[in-house]
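Novice: Structure incoming, see below.
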Amino acid sequence: MARALKSFGNRRALGSVREFCTSSSSPVQEQRQHPTDGKKLTNLFSAINQALHIALETDPRAYVFGEDVGFGGVFRCTTGLVDRFGKHRVFNTPLCEQGIVGFGIGLAAMGNRAIAEIQFADYIFPAFDQVVNEAAKFRYRSGNQFNCGGLTIRSPYGAVGHGGHYHSQSPEAFFCHVPGIKVVIPRSPQQAKGLLLACIRDPNPVIFFEPKWLYRLGVEEVPEHDYMLPLSQAEVLRQGRDITLVGWGTQLSVMEQACNDAAKEGISCELIDLRTLVPWDKETVESSVRKTGRLLVSHEAPVTGGFGAEISASIVERCFLRLEAPVARICGLDTPFPLVFEPFYMPTKNKILDAIKATVKY
Amino acid sequence: MGSSKNLKRSSWISSSLLLDLRNPSLIHGVGRNPPAVLENLKTHSADCRFASTKAGDERDLRFDNDENQVLDFPGGRVMFTYQLKFISESPEKRADCFRVLDDNGQPIAGNYIEQVNEEVAVKMYGNMVTLQIMDTIFYEAQRQGRISFYLTSIGEEAINIASAAALTIDDLIFPQYREPGVLLWRGFSLQEFANQCFSNKADHGKGRQMPIHYGSNKLNYFTISSPIATQIPQAVGAAYSLKMDQKKACAVTYFGDGGTSEGDFHAALNFAAVMEAPVIFFCRNNGWAISTPTSEQFRSDGLVVRGPAYGIRSIRVDGNDALAVYCAVRAAREMAINEHRPILVEALTYRAGHHSTSDDSTKYRPVDEIEHWKTMRDPVSRFRKWVEGNGWWSEADESELRSNVRKKILDAIQAAEKAEKPPLADLFTDVYSDIPSNLREQERSLRETVQKHPQDYPPDVPV
């Protein structure tokens, strides 16, 4: 069922061009001119690929498997792995998501790093039972006699300009409701490599959603060496006074553009990349909102029951007297992800900008 | 992976062709240009399902001579036919069921008896009786309100104990929930069973799961979870790890007839075949999935026939014949480990008890049927007859065993009942490897609430 867009990863016609956020405020062009030692300009799928190479290289008990990963994967993230590590450690599985995750749990329970790929996040639902009832509870239900902490499920998520219902969804909120698993979403190549390695080596099962719109869309300096970025730590990408913006993954680049436009109108935005959605870094968001007094959360997933609702509620609980306006949520609509209406569905820059202005003026 | 693909495929071809040959009308009513084909078929009609590679190669060479007869299709060559013929939905004859002892415990397949010596046989019988008594007493304890739930294995004692006896402790068990006998055989103490059912602080699962959800890392018995069939694909992943580590061990996963309708069952068998994982799929076909009879569960000839469809070697065995189960599992284990392949074992049995303490099976099945299986086909008394017949067991042994076991179980229950519950802190640990900040906050808040409203909370949980 994940075959419809097999050539997806090779397409360059991605609609409007998006820039990704970098960890510093300097634009990509500037970094291009001054590459530093040990870093190379790398796109997101190549950064993922590097992380997988390192994961397999540094741990002989690491395995990579999933539908079509053998030839390099439909998004090329697993390119070259079979040649280097052999088909016993990097292998195709039958087309069956519940099998992939169930198999991965058993593999991980034997002390291995099981790195499973679900070809599109839209197709993760057959594995929902294995994730929710099995992976998430494996340690707890056994009284810590067993665990499947070596399991990492990678899956491309989110809009891509032409993906329609089944190649565009952002299902992160379903998994954020499940104690026992972690949910991590990177915003850029450099982040993707460090966070993925941290997820693979974390002693808990993790779902790692990769922003597929960014796989090939632009590059960032990525250190060539083995490094990890901390889980459950948000990152403040941009300091500001007037309003706090919180997001993750692809959406950060849209939010960054809105921040730039707002700055032209004299509004100072603080931008936070949550990076790990569960367990999330409430403290960083809370201290930012205590400073700015305003909060806007943005994600592609439908607004109702999205993880933005959780952030909003938590911050209202903690910062009620400090808030100067209602928390704004600029998210996907409560419709299935629509092909031709995608530009209408999406939480676009101007929707965010309008909400920033309305919140600041409230 | 994939090294034995050709062997499997040619074997499959030969067995499906055999089916054609049994129907004389097909041989006579042939279409264009068939004699050469039939000649080929006759030559190989003696091929069994696991024909040698050599025979397969010979046949392939002949097919090469006539390109019109063969489709060289990805995955292997397929023969053409000029007959519009569908593969039958059911075989002419149901798959045979392997047994060693007859209903009276008399050996009918003598050559297999030698596999079980006196020591093992007596231990097996002792464990079967222990399981039976444990079930009876724990069931009563639930009826008295001392534990919240229980689930018996009555009628399936031979499956439980004999399959366990045929394995080694290094083999990994991925159980459903009606296999406590495997754990018993491996040395889980009656006290450990009782501690789990009473959710006390000695329960390995820290009181978090309903009774009967046992697990033991020490005994390679993965903790039971209630969802049906979820353990089956996990066993394949673990088996793959054993293979990669070149361990002389396999994974064994148990499930019922109902569980085979779950997607996880299909996923697991397919994965195991493709990955060539050393795993034994043990299906306890006991006729009933709660109230659903197998006739409403599937229309295949049970489970055993499904194995070959996945490319998995399979056997049907009399689940109430301890010796047959023992021999089948032992052979399955050898093949799984030495040949890196999954094996499917279907044991025919009967769930002689209710599904659980929440069920009254007389509401949906005849009492006569239950009684027939309990009395006429009881696996424990059948095995006893054989053990007694060998002079290894006496009436005195029997009464001593029963009174000992009964006393031990009652003592274990008393001790488990008196033991403290797990501390409140155990509510928050093990969700993750470390306690995250949101859980620390929730724990702090909960402790305040408990102090404020102690009457709302069970007094026996230490705060």
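Here's how to read the names in the structure tokens: chain A, B, ... by the order shown, residue numbers from 1 in each chain, ligand numbers from 1 in the order shown.
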Compute the set of chain B residues within 8 Å of chain A, using only C-alpha atoms, and express it as a PyMOL selection string.
Specialist: chain B and resi 1+204-206+208-209+215-217+222-223+225+227+230-241+244+263-264+267-268+270-271+274+429-433+436-438
Novice: Go through region 318-360 of chain A and collect every residue that DSSP, computed from the backbone, puts in strand (DSSP E); the answer should be as a list in words.
Specialist: Ala328, Arg329, Ile330, Cys331 and Gly332 of chain A
Novice: Would you put the residues from that selection into a file with N, CA and C atoms, as an mmCIF file, in the first residue's frame?
Specialist:
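The new file result.cif reads:
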data_model
loop_
_atom_site.group_PDB
_atom_site.id
_atom_site.type_symbol
_atom_site.label_atom_id
_atom_site.label_comp_id
_atom_site.auth_asym_id
_atom_site.auth_seq_id
_atom_site.Cartn_x
_atom_site.Cartn_y
_atom_site.Cartn_z
ATOM 1 N N ALA A 328 -2.764 30.967 20.703
ATOM 2 C CA ALA A 328 -3.205 30.794 19.315
ATOM 3 C C ALA A 328 -2.712 29.462 18.777
ATOM 4 N N ARG A 329 -3.593 28.795 18.050
ATOM 5 C CA ARG A 329 -3.179 27.553 17.391
ATOM 6 C C ARG A 329 -3.397 27.707 15.893
ATOM 7 N N ILE A 330 -2.319 27.677 15.149
ATOM 8 C CA ILE A 330 -2.401 27.741 13.692
ATOM 9 C C ILE A 330 -1.961 26.387 13.169
ATOM 10 N N CYS A 331 -2.953 25.608 12.742
ATOM 11 C CA CYS A 331 -2.696 24.193 12.454
ATOM 12 C C CYS A 331 -3.417 23.796 11.181
ATOM 13 N N GLY A 332 -3.347 22.485 10.874
ATOM 14 C CA GLY A 332 -4.125 21.953 9.768
ATOM 15 C C GLY A 332 -5.607 22.018 10.105
#
Novice: What does the distance from CA of Ser314 (chain A) to CA of Ser155 (chain A) come to in Å, to one decimal?
Specialist: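 A separation of 27.5 Å between them.
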Novice: Write out as a list in words which residues come within 6 Å of Pro338 (chain A) when counting only C-alpha atoms, dropping same-chain ones fewer than 2 positions away.
Specialist: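 Near Pro338 (chain A), the qualifying residues are Gly164, His165, Pro336, Phe341 and Glu342 of chain A.
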Novice: Mind the document's chain letters and residue numbers, and return as a ChimeraX atom specification the residues of region 173-418 of chain B that DSSP labels alpha helix (DSSP H).
Specialist: /B:180-186,190-197,231-244,263-275,306-310,322-339,367-375,379-389,395-418
Novice: In Å, how far is it from CA of Glu420 (chain B) to CA of Tyr150 (chain B)?
Specialist: 20.5 Å
Novice: Of the candidates B:Thr253, B:Asn320, B:Asn195, B:Gln144, which one gets nearest to Asp103 (chain B) if we count only C-alpha atoms?
Specialist: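 Distance minimum relative to Asp103 (chain B) lands on B:Asn320.
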Novice: Give me, as JSON, numbers by chain, all polymer residues having an atom no more than 7 Å from region 80-97 of chain B, counting only C-alpha atoms and skipping those fewer than 4 positions away in the same chain.
Specialist: {"B": [31, 32, 69, 70, 71, 300, 301, 316, 317, 318]}
Novice: Those same residues, written as a PDB file, in the first residue's frame with N, CA, C and O atoms?
Specialist:
ATOM      1  N   GLY B  31      -5.887 -31.580 -22.665  1.00  0.00           N
ATOM      2  CA  GLY B  31      -5.985 -30.706 -23.828  1.00  0.00           C
ATOM      3  C   GLY B  31      -4.819 -30.916 -24.766  1.00  0.00           C
ATOM      4  O   GLY B  31      -4.301 -32.019 -24.898  1.00  0.00           O
ATOM      5  N   ARG B  32      -4.425 -29.869 -25.360  1.00  0.00           N
ATOM      6  CA  ARG B  32      -3.386 -29.860 -26.366  1.00  0.00           C
ATOM      7  C   ARG B  32      -2.027 -30.234 -25.759  1.00  0.00           C
ATOM      8  O   ARG B  32      -1.651 -29.723 -24.719  1.00  0.00           O
ATOM      9  N   GLN B  69       5.827 -24.807 -22.039  1.00  0.00           N
ATOM     10  CA  GLN B  69       5.224 -25.424 -20.861  1.00  0.00           C
ATOM     11  C   GLN B  69       5.468 -24.632 -19.585  1.00  0.00           C
ATOM     12  O   GLN B  69       4.861 -24.914 -18.566  1.00  0.00           O
ATOM     13  N   VAL B  70       6.376 -23.705 -19.648  1.00  0.00           N
ATOM     14  CA  VAL B  70       6.853 -23.101 -18.405  1.00  0.00           C
ATOM     15  C   VAL B  70       6.878 -21.583 -18.504  1.00  0.00           C
ATOM     16  O   VAL B  70       7.285 -21.030 -19.522  1.00  0.00           O
ATOM     17  N   LEU B  71       6.414 -20.950 -17.472  1.00  0.00           N
ATOM     18  CA  LEU B  71       6.532 -19.496 -17.379  1.00  0.00           C
ATOM     19  C   LEU B  71       7.679 -19.192 -16.413  1.00  0.00           C
ATOM     20  O   LEU B  71       7.647 -19.595 -15.248  1.00  0.00           O
ATOM     21  N   SER B 300     -10.548 -23.248   6.730  1.00  0.00           N
ATOM     22  CA  SER B 300      -9.475 -24.135   6.293  1.00  0.00           C
ATOM     23  C   SER B 300      -9.498 -25.386   7.153  1.00  0.00           C
ATOM     24  O   SER B 300     -10.204 -25.438   8.169  1.00  0.00           O
ATOM     25  N   ASP B 301      -8.734 -26.402   6.758  1.00  0.00           N
ATOM     26  CA  ASP B 301      -8.598 -27.597   7.576  1.00  0.00           C
ATOM     27  C   ASP B 301      -7.687 -27.237   8.741  1.00  0.00           C
ATOM     28  O   ASP B 301      -6.491 -27.534   8.737  1.00  0.00           O
ATOM     29  N   ARG B 316       0.571 -31.636  12.255  1.00  0.00           N
ATOM     30  CA  ARG B 316      -0.600 -31.672  13.143  1.00  0.00           C
ATOM     31  C   ARG B 316      -0.387 -32.784  14.150  1.00  0.00           C
ATOM     32  O   ARG B 316       0.028 -33.890  13.782  1.00  0.00           O
ATOM     33  N   VAL B 317      -0.665 -32.483  15.397  1.00  0.00           N
ATOM     34  CA  VAL B 317      -0.371 -33.456  16.441  1.00  0.00           C
ATOM     35  C   VAL B 317      -1.553 -33.536  17.403  1.00  0.00           C
ATOM     36  O   VAL B 317      -2.299 -32.564  17.565  1.00  0.00           O
ATOM     37  N   ASP B 318      -1.713 -34.699  18.003  1.00  0.00           N
ATOM     38  CA  ASP B 318      -2.750 -34.881  19.013  1.00  0.00           C
ATOM     39  C   ASP B 318      -2.304 -34.157  20.289  1.00  0.00           C
ATOM     40  O   ASP B 318      -1.397 -34.618  20.992  1.00  0.00           O
TER      41      ASP B 318
END
Novice: Extract, using only C-alpha atoms, all DNA, RNA and protein residues at most 7 Å from Ile212 (chain B), discarding same-chain residues fewer than 2 positions from it, and format them as a tab-separated table (two decimals) with N, CA, C and O atoms, in the first residue's frame.
Specialist:
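Just written: around-v1.tsv:
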chain	number	residue	atom	x	y	z
B	150	TYR	N	-8.88	-15.29	36.98
B	150	TYR	CA	-8.02	-16.44	36.72
B	150	TYR	C	-8.43	-17.10	35.41
B	150	TYR	O	-9.51	-16.87	34.89
B	151	LEU	N	-7.52	-17.92	34.91
B	151	LEU	CA	-7.74	-18.56	33.61
B	151	LEU	C	-7.05	-19.91	33.66
B	151	LEU	O	-5.85	-19.98	33.95
B	196	GLN	N	2.18	-13.38	41.63
B	196	GLN	CA	1.67	-12.63	40.48
B	196	GLN	C	0.16	-12.49	40.59
B	196	GLN	O	-0.39	-11.41	40.42
B	197	CYS	N	-0.52	-13.59	40.90
B	197	CYS	CA	-1.99	-13.55	40.93
B	197	CYS	C	-2.51	-12.65	42.05
B	197	CYS	O	-3.61	-12.11	41.96
B	210	MET	N	-3.12	-7.82	35.28
B	210	MET	CA	-4.10	-8.76	35.83
B	210	MET	C	-3.43	-10.09	36.18
B	210	MET	O	-2.38	-10.41	35.64
B	214	TYR	N	2.05	-13.74	33.69
B	214	TYR	CA	3.36	-14.06	34.23
B	214	TYR	C	4.46	-13.68	33.26
B	214	TYR	O	4.22	-13.50	32.06
Novice: Give me, as a list in words, all polymer residues having an atom no more than 9 Å from region 362-367 of chain B, counting only C-alpha atoms and skipping those fewer than 4 positions away in the same chain.
Specialist: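 The residues that qualify are Ser291, Thr292, Pro293, His354, Glu371 and His372 of chain B.
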Novice: Please write the residues from the selection above to a file, keeping N, CA and C atoms, as a tab-separated table (two decimals), in the first residue's frame.
Specialist:
chain	number	residue	atom	x	y	z
B	291	SER	N	-16.43	-17.89	22.93
B	291	SER	CA	-17.64	-18.64	22.55
B	291	SER	C	-17.66	-18.98	21.07
B	292	THR	N	-16.63	-18.58	20.34
B	292	THR	CA	-16.65	-18.79	18.89
B	292	THR	C	-16.00	-20.11	18.53
B	293	PRO	N	-16.79	-21.02	17.94
B	293	PRO	CA	-16.20	-22.31	17.54
B	293	PRO	C	-15.34	-22.14	16.30
B	354	HIS	N	-13.71	-23.20	31.25
B	354	HIS	CA	-14.25	-21.98	30.67
B	354	HIS	C	-13.10	-21.14	30.13
B	371	GLU	N	-17.97	-32.59	29.03
B	371	GLU	CA	-17.77	-33.77	29.87
B	371	GLU	C	-17.02	-34.86	29.12
B	372	HIS	N	-17.36	-35.01	27.84
B	372	HIS	CA	-16.70	-36.04	27.03
B	372	HIS	C	-15.19	-35.80	27.01
Novice: In terms of the shortest atom-to-atom distance over only C-alpha atoms, which of A:Gly86, A:Gly163, A:Gly158, A:Gly66 is closest to Val340 (chain A)?
Specialist: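 Counting only C-alpha atoms, the residue closest to Val340 (chain A) is A:Gly163.
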Novice: Which of these residues is nearest to Lys247 (chain B), using only C-alpha atoms: B:Ala229, B:Ala164, B:Ile337, B:Ala289?
Specialist: B:Ile337
Novice: So what do you get for CA of Thr130 (chain B) versus CA of Val405 (chain B), distance-wise?
Specialist: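 Taking CA of Thr130 (chain B) and CA of Val405 (chain B), their separation equals 6.2 Å.
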Novice: Between B:Ala419, B:Leu167, B:Leu101, B:Met376, single out the one closest to Leu183 (chain B), counting only C-alpha atoms.
Specialist: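 Nearest candidate to Leu183 (chain B) out of B:Ala419, B:Leu167, B:Leu101, B:Met376: B:Leu167.
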